[in-house]
Amino acid sequence: MLFLKNDYSVCAHPAVLDEIVKNNLVYSDSYCNDERCEKTAAMVREQIGDPDAAIHYIIGGTLVNKTCLAAFLKPYEAVITTVEGHIAVHETGAVEATGHRLLEVPTDDGKLDPEAVDRVCAIHNMDQMVVPRIIYITNTTEPGTVYTLAELEALRECCDRNDLLMYMDGARLAMALGAEKCDYDLSDIARLCDAFYIGGGKCGALAGELVVITNDELKPFFRQNMRQNGALFAKGMIVGMQFDVLLRDGLYQELGRHCDELGKKLADGIKAKGYKLAHEQESNMVFPIFTNEMVAELEKKVMFEDWEDNFDGTRVIRLVTSWVSTEDEVNEFLDMI
């Protein structure tokens, strides 16, 4: 079977795995208090230009979102997100289970825009309603689109005038940074966001995400929130050493670019054969529209995500290129169609 279903179904990049094996029998302190986690945290602070940023290591993305948003919000405060946002669709109500309402807005491209945020804030204007307090964005978005620097700056300005926090889900941040249209780096994200995370599980890590908190008001007692939510990992050194490898010499961004380049090749090839895409390709996710019969045939040879029924005899499927994907695999798929 040709695998184009997601970007996290192999174990780890060889360099990451080699580092884990090399340090397998080395004793380390627990719960991310070890030298390797501290070294990686210092490197990240230098890369983002914030010597006071709080750095934490959590094992998975849903756990990051649940822990962060619960820690940052008072009981009566709410999250503004898009209807496609990961916390709104694919996390089984994890954030809502902490008692916080999601205020979802529709989008055409998966991006949250300032006008929509302004409208939500204007509507919630009485004490019988939840208080919008934080915007949640994903980069890349669920349809694979990528924010520009101007869009992120506009959202920051919107947050400032509405007294909102800005939080970025970076599960696929490597692919955002590797995209052709990306005109910023980690230091810009750190400057604009109150908190964000650098995703590892979808870009070469065995498991693990790196949380960055830049807003001083959000830093106290975060580890206590981690522990309460089951997010304080005893063997934290495993996550620390993985991000040391990924971020030290630009491997993280390199892997993201590889994913995106193959995503573009895949999208261009599909369009060249006369098929349409449900979303314009900007990263490593491609959403072609095929007939139901064609999808049924492809399922015999390819693993992909059955994304959406158009109820007109066609379907949208999601194809995802990963850091381990090859041009030969992309060509194989294009030959099939």
# chains A, B, ... in the order shown; residues from 1 in each chain; ligands from 1

$ select_by_dssp --residues "region 192-310 of chain A" --states "helix (DSSP H, G or I)" --output "PyMOL selection string"
chain A and resi 192+216-218+222-228+236-248+251-272+292-298

$ closest_residue --among "A:Val324, A:Ala179, A:Cys159, A:Leu319" --to "Thr145 (chain A)" --atoms "only C-alpha atoms"
A:Ala179

$ closest_residue --among "A:Asp50, A:Asp312, A:Glu282, A:Asp34" --to "Tyr147 (chain A)" --atoms "only C-alpha atoms"
A:Glu282

$ closest_residue --among "A:Arg161, A:His86, A:Lys300, A:Arg248" --to "Thr40 (chain A)" --atoms "only C-alpha atoms"
A:Arg248

$ closest_atom_pairs --of "region 47-141 of chain A" --to "region 192-199 of chain A" --cutoff "9 Å" --atoms "only C-alpha atoms" --output "Markdown table"
| residue | atom | partner | partner_atom | distance |
| --- | --- | --- | --- | --- |
| A:Gly60 | CA | A:Gly199 | CA | 8.5 |
| A:Gly61 | CA | A:Gly199 | CA | 7.4 |
| A:Val64 | CA | A:Tyr197 | CA | 8.0 |
| A:Cys68 | CA | A:Ala195 | CA | 8.5 |

$ residues_around --residues "Ala296 (chain A)" --least-positions-apart "4" --cutoff "12 Å" --atoms "only C-alpha atoms" --output "count of residues only"
13

$ closest_residue --among "A:Leu246, A:Val117, A:Ile80, A:Ala267" --to "Glu104 (chain A)" --atoms "only C-alpha atoms"
A:Ile80

$ closest_residue --among "A:Gly256, A:Gly208, A:Gly110, A:Gly230" --to "Cys182 (chain A)" --atoms "only C-alpha atoms"
A:Gly256

$ select_by_dssp --residues "region 143-246 of chain A" --states "strand (DSSP E)" --output "list of chain:residue names"
A:Leu165, A:Met166, A:Tyr167, A:Met168, A:Asp169, A:Ala195, A:Phe196, A:Tyr197, A:Ile198, A:Gly199, A:Glu209, A:Leu210, A:Val211, A:Val212, A:Ile213

$ atom_distance --atom1 "CA of Glu305 (chain A)" --atom2 "CA of Cys203 (chain A)"
18.6 Å

$ residues_around --residues "region 126-132 of chain A" --least-positions-apart "4" --cutoff "8 Å" --atoms "only C-alpha atoms" --output "list of chain:residue names"
A:Tyr76, A:Glu77, A:Ala78, A:Val79, A:Ile80, A:Arg101, A:Leu103, A:Val120, A:Cys121, A:Leu164

$ closest_residue --among "A:Tyr57, A:Tyr8, A:Phe233, A:Phe3" --to "Leu210 (chain A)" --atoms "only C-alpha atoms"
A:Tyr57

$ atom_distance --atom1 "CA of Lys271 (chain A)" --atom2 "CA of Asn284 (chain A)"
15.4 Å

$ residues_around --residues "Leu206 (chain A)" --least-positions-apart "5" --cutoff "12 Å" --atoms "only C-alpha atoms" --output "PDB file with C-alpha atoms, in the first residue's frame"
ATOM      1  CA  ASP A   7       2.774  12.704   8.461  1.00  0.00           C
ATOM      2  CA  TYR A   8       3.299  10.854  11.746  1.00  0.00           C
ATOM      3  CA  SER A   9       2.936   7.116  11.099  1.00  0.00           C
ATOM      4  CA  VAL A  10       6.627   6.248  11.112  1.00  0.00           C
ATOM      5  CA  CYS A  11       8.647   6.178  14.328  1.00  0.00           C
ATOM      6  CA  ALA A  12      11.353   8.853  14.125  1.00  0.00           C
ATOM      7  CA  HIS A  13      13.971  10.518  11.949  1.00  0.00           C
ATOM      8  CA  PRO A  14      17.170   8.442  12.028  1.00  0.00           C
ATOM      9  CA  ALA A  15      19.168  11.277  13.614  1.00  0.00           C
ATOM     10  CA  VAL A  16      16.600  11.512  16.416  1.00  0.00           C
ATOM     11  CA  LEU A  17      16.536   7.774  16.934  1.00  0.00           C
ATOM     12  CA  ASP A  18      20.352   7.607  16.932  1.00  0.00           C
ATOM     13  CA  GLU A  19      20.471  10.237  19.676  1.00  0.00           C
ATOM     14  CA  ILE A  20      18.006   8.301  21.816  1.00  0.00           C
ATOM     15  CA  ILE A  59       4.090  14.337  24.883  1.00  0.00           C
ATOM     16  CA  GLY A  60       1.208  15.090  22.464  1.00  0.00           C
ATOM     17  CA  GLY A 199       5.238  20.271  17.003  1.00  0.00           C
ATOM     18  CA  GLY A 200       7.547  17.280  16.920  1.00  0.00           C
ATOM     19  CA  GLY A 201       5.294  14.265  16.405  1.00  0.00           C
ATOM     20  CA  ILE A 238      13.537  11.837  25.758  1.00  0.00           C
ATOM     21  CA  VAL A 239      11.574  14.821  24.449  1.00  0.00           C
ATOM     22  CA  GLY A 240      14.355  17.280  25.263  1.00  0.00           C
ATOM     23  CA  MET A 241      17.008  15.391  23.338  1.00  0.00           C
ATOM     24  CA  GLN A 242      14.730  14.968  20.312  1.00  0.00           C
ATOM     25  CA  PHE A 243      14.173  18.713  20.009  1.00  0.00           C
ATOM     26  CA  VAL A 245      18.492  17.277  17.366  1.00  0.00           C
ATOM     27  CA  LEU A 246      15.599  18.759  15.382  1.00  0.00           C
TER      28      LEU A 246
END

$ atom_distance --atom1 "CA of Glu142 (chain A)" --atom2 "CA of Arg227 (chain A)"
28.8 Å

$ closest_atom_pairs --of "region 153-265 of chain A" --to "region 276-281 of chain A" --cutoff "10 Å" --atoms "only C-alpha atoms" --output "Markdown table"
| residue | atom | partner | partner_atom | distance |
| --- | --- | --- | --- | --- |
| A:Asp260 | CA | A:Gln281 | CA | 9.1 |
| A:Gly263 | CA | A:Gln281 | CA | 7.4 |
| A:Lys264 | CA | A:Gln281 | CA | 6.7 |
| A:Lys265 | CA | A:Gln281 | CA | 9.9 |
